[in-house]
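Novice: One file is attached below, structure-v8.cif, containing mmCIF, C-alpha atoms.
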```cif
data_target
#
loop_
_atom_site.label_atom_id
_atom_site.label_comp_id
_atom_site.auth_asym_id
_atom_site.auth_seq_id
_atom_site.Cartn_x
_atom_site.Cartn_y
_atom_site.Cartn_z
CA MET S 1 27.81 46.45 52.65
CA ARG S 2 30.35 44.11 51.19
CA LYS S 3 31.87 45.13 47.90
CA GLY S 4 30.37 43.24 44.87
CA PHE S 5 27.47 41.76 46.85
CA ILE S 6 24.28 41.77 44.66
CA GLY S 7 21.99 39.80 46.97
CA PRO S 8 21.37 36.17 47.98
CA ILE S 9 19.96 35.22 44.55
CA GLY S 10 21.92 37.64 42.45
CA ASP S 11 25.13 36.37 43.93
CA ASP S 12 24.26 32.83 42.88
CA LEU S 13 22.98 33.71 39.39
CA PRO S 14 24.86 30.94 37.53
CA SER S 15 23.24 28.31 39.76
CA VAL S 16 19.78 29.83 39.28
CA ILE S 17 20.17 29.77 35.49
CA ALA S 18 21.26 26.12 35.62
CA LEU S 19 18.32 25.24 37.87
CA LEU S 20 15.80 27.01 35.65
CA LEU S 21 17.24 25.41 32.52
CA ALA S 22 17.05 21.95 34.05
CA LEU S 23 13.52 22.48 35.33
CA GLY S 24 12.45 23.86 31.95
CA MET S 25 13.88 20.88 30.14
CA PHE S 26 12.30 18.42 32.55
CA PHE S 27 8.81 19.89 32.34
CA THR S 28 9.03 20.26 28.55
CA ALA S 29 9.81 16.55 28.40
CA VAL S 30 6.88 15.73 30.71
CA ILE S 31 4.44 17.76 28.57
CA TYR S 32 5.86 16.27 25.36
CA SER S 33 5.52 12.72 26.71
CA PHE S 34 1.98 13.38 27.83
CA ASN S 35 1.01 14.67 24.38
CA MET S 36 2.72 11.74 22.67
CA TYR S 37 0.92 9.27 24.93
CA ASN S 38 -2.47 10.85 24.20
CA GLN S 39 -1.77 10.97 20.46
CA LYS S 40 -0.75 7.30 20.43
CA LEU S 41 -3.80 6.30 22.43
CA SER S 42 -6.03 8.18 20.00
CA ASP S 43 -4.32 6.52 17.00
CA MET S 44 -4.81 3.08 18.54
CA GLU S 45 -8.47 3.78 19.23
CA THR S 46 -8.93 4.94 15.63
CA LEU S 47 -7.24 1.78 14.38
CA LYS S 48 -9.33 -0.43 16.65
CA GLY S 49 -12.53 1.33 15.63
CA SER S 50 -11.61 1.05 11.94
CA ILE S 51 -11.14 -2.69 12.23
CA GLU S 52 -14.45 -3.03 14.05
CA ILE S 53 -16.22 -1.08 11.30
CA GLY S 54 -14.58 -3.41 8.77
CA ARG S 55 -15.80 -6.40 10.76
CA VAL S 56 -19.38 -5.12 10.65
CA LEU S 57 -19.16 -4.48 6.90
CA MET S 58 -17.76 -7.94 6.16
CA ASP S 59 -19.96 -9.77 8.64
CA ARG S 60 -22.35 -11.40 6.14
CA GLY S 61 -19.59 -12.83 3.94
CA TYR S 62 -20.88 -11.21 0.75
CA MET S 63 -22.19 -7.77 -0.16
CA LEU S 64 -24.64 -5.99 -2.41
CA ASP S 65 -24.02 -2.63 -4.07
CA SER S 66 -26.90 -1.26 -2.02
CA ASP S 67 -25.05 -2.17 1.20
CA ILE S 68 -22.78 0.82 0.81
CA ALA S 69 -25.51 3.19 -0.37
CA THR S 70 -25.83 6.25 1.83
CA SER S 71 -29.37 7.28 0.83
CA PRO S 72 -31.31 5.47 2.05
CA LYS S 73 -28.73 4.13 4.45
CA SER S 74 -28.38 0.37 4.37
CA LYS S 75 -28.71 -1.77 7.50
CA VAL S 76 -25.00 -2.55 7.28
CA LEU S 77 -24.09 1.14 7.32
CA ILE S 78 -26.55 1.88 10.12
CA THR S 79 -24.84 -0.81 12.22
CA SER S 80 -21.40 0.53 11.25
CA ASP S 81 -22.53 3.97 12.37
CA TYR S 82 -23.02 2.68 15.92
CA VAL S 83 -19.37 1.59 15.98
CA LYS S 84 -18.23 4.80 14.31
CA ASN S 85 -20.03 6.94 16.89
CA SER S 86 -18.74 4.96 19.85
CA TYR S 87 -15.16 5.57 18.66
CA GLY S 88 -15.73 9.16 17.49
CA LEU S 89 -14.77 8.33 13.93
CA GLU S 90 -15.85 9.18 10.41
CA TYR S 91 -15.59 6.68 7.60
CA GLU S 92 -16.11 6.21 3.93
CA VAL S 93 -16.52 2.94 2.10
CA PHE S 94 -16.47 2.07 -1.60
CA PHE S 95 -15.67 -0.71 -4.05
CA GLY S 96 -12.57 -0.61 -6.20
CA LYS S 97 -8.98 -0.12 -5.18
CA GLY S 98 -8.35 2.69 -7.69
CA ASN S 99 -10.77 5.11 -6.02
CA LYS S 100 -9.43 7.65 -3.58
CA CYS S 101 -10.80 8.62 -0.19
CA THR S 102 -12.46 12.07 -0.22
CA GLU S 103 -10.85 13.02 3.11
CA GLN S 104 -7.25 12.44 4.12
CA PRO S 105 -7.75 9.15 5.99
CA SER S 106 -6.04 8.08 9.16
CA PHE S 107 -6.31 4.49 7.99
CA ARG S 108 -7.23 2.80 4.71
CA PHE S 109 -8.12 -0.88 4.80
CA GLN S 110 -8.91 -3.23 1.97
CA TYR S 111 -10.97 -6.40 1.97
CA LEU S 112 -11.67 -8.97 -0.69
CA VAL S 113 -15.41 -9.35 -1.04
CA SER S 114 -17.90 -11.05 -3.28
CA VAL S 115 -20.52 -8.61 -4.50
CA PHE S 116 -23.82 -10.03 -5.73
CA ARG S 117 -24.77 -8.02 -8.82
CA ASP S 118 -27.30 -8.51 -11.63
CA THR S 119 -24.69 -10.43 -13.60
CA GLY S 120 -23.97 -12.73 -10.65
CA PRO S 121 -21.33 -12.73 -7.92
CA GLN S 122 -18.26 -10.64 -8.67
CA LEU S 123 -15.05 -10.46 -6.72
CA ASP S 124 -14.31 -6.89 -5.74
CA ILE S 125 -12.15 -4.91 -3.36
CA LEU S 126 -13.89 -3.09 -0.55
CA VAL S 127 -11.98 -0.02 0.61
CA LEU S 128 -12.59 1.46 4.03
CA CYS S 129 -11.19 4.90 4.89
CA THR S 130 -11.43 6.14 8.45
CA TRP S 131 -10.46 9.33 10.21
CA ARG S 132 -11.14 11.02 13.51
CA LYS S 133 -13.96 13.59 13.76
CA MET Z 1 27.78 22.26 43.04
CA ASP Z 2 24.26 21.35 44.26
CA ALA Z 3 22.75 23.24 41.35
CA LEU Z 4 24.99 21.38 38.91
CA ILE Z 5 23.97 17.98 40.32
CA PHE Z 6 20.31 18.98 40.21
CA MET Z 7 20.72 20.16 36.62
CA LEU Z 8 22.33 16.88 35.63
CA ILE Z 9 19.60 14.80 37.26
CA ALA Z 10 16.70 16.88 35.92
CA SER Z 11 18.06 17.16 32.39
CA GLY Z 12 18.96 13.45 32.43
CA ALA Z 13 15.43 12.54 33.45
CA GLY Z 14 14.06 14.89 30.79
CA THR Z 15 16.23 13.33 28.08
CA LEU Z 16 15.13 9.86 29.15
CA LEU Z 17 11.48 10.92 28.97
CA PHE Z 18 12.01 12.37 25.48
CA PHE Z 19 13.67 9.14 24.38
CA VAL Z 20 11.03 6.82 25.83
CA SER Z 21 8.08 8.84 24.52
CA GLY Z 22 9.75 9.01 21.10
CA LEU Z 23 10.06 5.21 21.08
CA TYR Z 24 6.47 4.81 22.22
CA SER Z 25 5.08 7.12 19.57
CA THR Z 26 7.01 5.46 16.74
CA SER Z 27 6.13 1.93 17.83
CA THR Z 28 3.86 0.03 15.46
CA ASN Z 29 0.38 -1.13 16.39
CA ASN Z 30 1.37 -4.68 15.60
CA GLN Z 31 -1.18 -6.44 17.75
CA ILE Z 32 -4.12 -4.60 16.21
CA MET Z 33 -2.68 -5.05 12.71
CA THR Z 34 -2.37 -8.78 13.42
CA ILE Z 35 -6.12 -8.88 14.04
CA TYR Z 36 -6.74 -7.06 10.74
CA ASN Z 37 -4.48 -9.46 8.81
CA TYR Z 38 -6.22 -12.56 10.17
CA GLU Z 39 -9.63 -11.02 9.54
CA TYR Z 40 -8.63 -10.05 6.00
CA ALA Z 41 -7.38 -13.60 5.31
CA GLY Z 42 -10.53 -15.23 6.73
CA ASN Z 43 -12.80 -12.87 4.81
CA ALA Z 44 -10.84 -13.47 1.60
CA LEU Z 45 -11.41 -17.23 1.84
CA ILE Z 46 -15.14 -16.63 2.37
CA ALA Z 47 -15.22 -14.28 -0.64
CA LEU Z 48 -13.53 -16.96 -2.75
CA HIS Z 49 -16.38 -19.35 -1.92
CA TYR Z 50 -18.67 -17.06 -3.94
CA ALA Z 51 -16.16 -16.34 -6.71
CA LYS Z 52 -16.51 -17.40 -10.31
CA ASP Z 53 -13.65 -17.75 -12.78
CA SER Z 54 -13.47 -16.23 -16.27
CA ASN Z 55 -15.43 -19.22 -17.65
CA GLY Z 56 -18.28 -18.41 -15.27
CA LYS Z 57 -17.61 -21.54 -13.21
CA TRP Z 58 -17.43 -21.59 -9.43
CA PHE Z 59 -13.81 -21.01 -8.46
CA TRP Z 60 -13.87 -23.37 -5.51
CA ASN Z 61 -15.43 -26.23 -7.53
CA GLU Z 62 -12.80 -25.83 -10.22
CA LEU Z 63 -10.06 -26.06 -7.63
CA LYS Z 64 -11.67 -29.16 -6.12
CA ASN Z 65 -11.87 -30.83 -9.53
CA ARG Z 66 -8.24 -30.09 -10.29
CA ALA Z 67 -6.98 -31.04 -6.84
CA ILE Z 68 -8.07 -34.67 -7.27
CA MET Z 69 -6.26 -35.19 -10.58
CA LEU Z 70 -2.99 -37.07 -10.72
CA ASP Z 71 -1.16 -34.07 -12.19
CA TRP Z 72 -2.92 -31.79 -9.71
CA ASP Z 73 -0.08 -29.29 -9.29
CA ALA Z 74 0.29 -28.80 -13.06
CA GLN Z 75 -3.47 -28.46 -13.35
CA LEU Z 76 -3.58 -25.82 -10.66
CA ASN Z 77 -0.61 -24.00 -12.16
CA ASP Z 78 -2.36 -23.88 -15.56
CA TYR Z 79 -5.56 -22.69 -13.95
CA PHE Z 80 -3.84 -19.66 -12.43
CA ALA Z 81 -1.42 -19.03 -15.31
CA THR Z 82 -1.70 -16.00 -17.60
CA GLY Z 83 -4.82 -16.46 -19.72
CA GLY Z 84 -6.04 -19.28 -17.46
CA PRO Z 85 -9.60 -19.25 -16.10
CA GLY Z 86 -8.42 -18.53 -12.55
CA GLU Z 87 -6.15 -15.61 -13.45
CA PRO Z 88 -8.71 -12.80 -12.87
CA VAL Z 89 -9.59 -14.22 -9.45
CA TRP Z 90 -5.90 -14.47 -8.56
CA ASN Z 91 -5.23 -10.91 -9.77
CA THR Z 92 -8.10 -9.50 -7.69
CA LEU Z 93 -6.89 -11.46 -4.70
CA VAL Z 94 -3.38 -10.05 -5.02
CA ALA Z 95 -4.64 -6.50 -5.67
CA SER Z 96 -6.75 -6.57 -2.52
CA SER Z 97 -4.01 -7.99 -0.34
CA PRO Z 98 -2.40 -5.69 2.23
CA ALA Z 99 0.79 -7.79 2.25
CA PRO Z 100 3.79 -7.47 -0.11
CA LYS Z 101 3.54 -11.19 -0.85
CA THR Z 102 0.37 -13.21 -1.13
CA SER Z 103 0.26 -16.98 -1.50
CA LEU Z 104 -2.47 -19.48 -2.14
CA CYS Z 105 -1.15 -22.91 -1.19
CA PHE Z 106 -2.71 -26.32 -1.73
CA LYS Z 107 -1.75 -29.20 0.51
CA THR Z 108 -2.82 -32.69 -0.44
CA THR Z 109 -2.38 -36.09 1.10
CA ALA Z 110 -4.26 -37.86 -1.70
CA PHE Z 111 -1.16 -39.26 -3.34
CA GLY Z 112 0.72 -40.76 -0.44
CA GLY Z 113 3.03 -38.04 0.79
CA ALA Z 114 2.20 -34.56 1.93
CA ASP Z 115 2.53 -32.54 -1.27
CA GLU Z 116 2.19 -28.81 -1.54
CA PHE Z 117 1.69 -26.43 -4.44
CA CYS Z 118 1.86 -22.69 -3.88
CA LYS Z 119 0.86 -19.84 -6.14
CA ASP Z 120 2.91 -16.85 -4.99
CA SER Z 121 2.52 -13.20 -5.95
CA SER Z 122 6.26 -12.56 -5.62
CA ALA Z 123 9.53 -14.26 -4.79
CA LEU Z 124 10.03 -12.23 -1.60
CA GLY Z 125 10.87 -14.01 1.62
CA CYS Z 126 8.63 -13.85 4.66
CA SER Z 127 9.48 -12.83 8.20
CA THR Z 128 5.88 -12.90 9.43
CA VAL Z 129 3.10 -15.01 7.97
CA TYR Z 130 -0.62 -14.67 8.64
CA SER Z 131 -2.64 -17.54 7.25
CA SER Z 132 -6.13 -18.87 7.04
CA SER Z 133 -7.09 -22.31 5.78
CA VAL Z 134 -10.04 -24.28 4.51
CA LYS Z 135 -10.45 -27.92 3.55
CA ILE Z 136 -11.87 -28.25 0.04
CA THR Z 137 -11.74 -32.03 -0.33
CA ALA Z 138 -11.15 -34.89 2.07
CA TYR Z 139 -7.44 -34.73 1.18
CA THR Z 140 -6.87 -31.13 0.12
CA THR Z 141 -6.49 -28.04 2.25
CA VAL Z 142 -6.16 -24.52 0.87
CA LEU Z 143 -3.96 -22.13 2.81
CA PHE Z 144 -4.16 -18.45 2.15
CA LYS Z 145 -1.00 -16.70 3.35
CA LEU Z 146 -0.08 -13.08 3.84
CA CYS Z 147 3.69 -12.63 3.98
CA TYR Z 148 5.43 -9.61 5.43
#
```
Could you render the structure from this file as structure tokens?
Specialist:
Amino acid sequence: MRKGFIGPIGDDLPSVIALLLALGMFFTAVIYSFNMYNQKLSDMETLKGSIEIGRVLMDRGYMLDSDIATSPKSKVLITSDYVKNSYGLEYEVFFGKGNKCTEQPSFRFQYLVSVFRDTGPQLDILVLCTWRK
Amino acid sequence: MDALIFMLIASGAGTLLFFVSGLYSTSTNNQIMTIYNYEYAGNALIALHYAKDSNGKWFWNELKNRAIMLDWDAQLNDYFATGGPGEPVWNTLVASSPAPKTSLCFKTTAFGGADEFCKDSSALGCSTVYSSSVKITAYTTVLFKLCY
């Protein structure tokens, strides 16, 4: 046996460490990119779904206070629920900019809307908060 | 030497992947936000059709009446000024706006040239403008602009 000979791998330990480091870094980057891509795709779907819910809510051009009532659920909200379910979202909708969303929303959109109340039409701000289930 | 070259290539590719995915994840969803901005602007103009000013008069009719006067721009300015009948409508419009600057512009060809009066929410400049328009008289067009 030659003096100092550890074995075919042991003899080339610095190369093995370099190889493992490089492979580790490469695969970490691949996994990271994959996660980032999925996260971005999910964010974009949430955004797209949020805008579609907003479109359903604003479809008639004016609103009534009862349109955002949850019990019994208004026709507008029932239609919005179809969109919400197809995108796997949850949403909350209310009038008035000052109010806060009960959940931490992914997106918060505002719309100017005319609300027909007992006193007549009133300009109000419709706030839509959306988040993923 | 082979291991070193492999390490350089693999770590280089890894770094590139990190960089590209970082860029991708921080990129804005501009195209989808563009849709929202145009939809917001269109909806806002529809909402204004049903709006009433502080005197209980239809906002759109008041604008039409003022837009045909000779001193139309002064009339419109007074209408939206502090304490004016149109101020609450303007304030709600600005409060609901997603943009840092909101403008309601009136273009008229009634008096020869193409004149324009704009009510702006701030003096900021615009790099991107999303607008929606509606014709309120034969000569007057209202442009609602969102400036970013």
Novice: I need the contact residues of chain Z against chain S, so if you could list those with any atom within 8 Å, counting all atoms listed in the file, and return them as number ranges by chain, that would help.
Specialist: Z: 3-4, 6-8, 10-11, 13-15, 17-18, 21-22, 24-25, 29, 32, 36, 39-40, 43-44, 46-48, 50-52, 89, 92-93, 95-98
Novice: How many Å separate CA of His49 in chain Z from CA of Asp73 in chain Z?
Specialist: 20.5 Å
Novice: Please provide the set of residues having any atom within 8 Å of range 71-82 of chain S, restricted to only C-alpha atoms, with same-chain residues fewer than 4 positions apart removed, written as an MDAnalysis selection string.
Specialist: chainID S and resid 53 56:57 66:67 86
Novice: If we count only C-alpha atoms and set the cut-off at 10 Å, which residues sit around Cys129 in chain S, ignoring sequence neighbours fewer than 5 positions away in its own chain? Please answer as a ChimeraX atom specification.
Specialist: /S:50,54,90-94,100-110
Novice: For Asn37 in chain Z, find every residue with an atom within 9 Å (counting all atoms listed in the file), except residues of its own chain fewer than 3 positions away, and show them as a PyMOL selection string.
Specialist: chain Z and resi 32-34+40-42+98-99+130-131+146
Novice: Just the number, please: distance in Å from CA of Trp90 in chain Z to CA of Gly125 in chain Z, one decimal.
Specialist: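 Straight-line distance from CA of Trp90 in chain Z to CA of Gly125 in chain Z works out to 19.6 Å.
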Novice: Work out how far apart CA of Met1 in chain Z and CA of Phe19 in chain Z are and give it in Å to one decimal.
Specialist: 26.8 Å
Novice: Convert the output of the PyMOL selection byres ((chain Z and resi 67) around 10) on the shown file into explicit residues, formatted as a list in words.
Specialist: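 Evaluating the PyMOL selection byres ((chain Z and resi 67) around 10) on these coordinates yields Asn61, Glu62, Leu63, Lys64, Asn65, Arg66, Ile68, Met69, Leu70, Asp71, Trp72, Asp73, Ala74, Gln75, Leu76, Phe106, Lys107, Thr108, Ala110, Ile136, Thr137, Tyr139, Thr140 and Thr141 of chain Z.
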Novice: Once 3 Å is added on each side, what are the centre and the three edge lengths, in Å to one decimal, of the axis-aligned box enclosing the listed atoms of range 86-104 of chain Z? Present them as JSON.
Specialist:
```
{"center_x": -2.9, "center_y": -12.6, "center_z": -5.6, "size_x": 19.4, "size_y": 19.8, "size_z": 21.7}
```
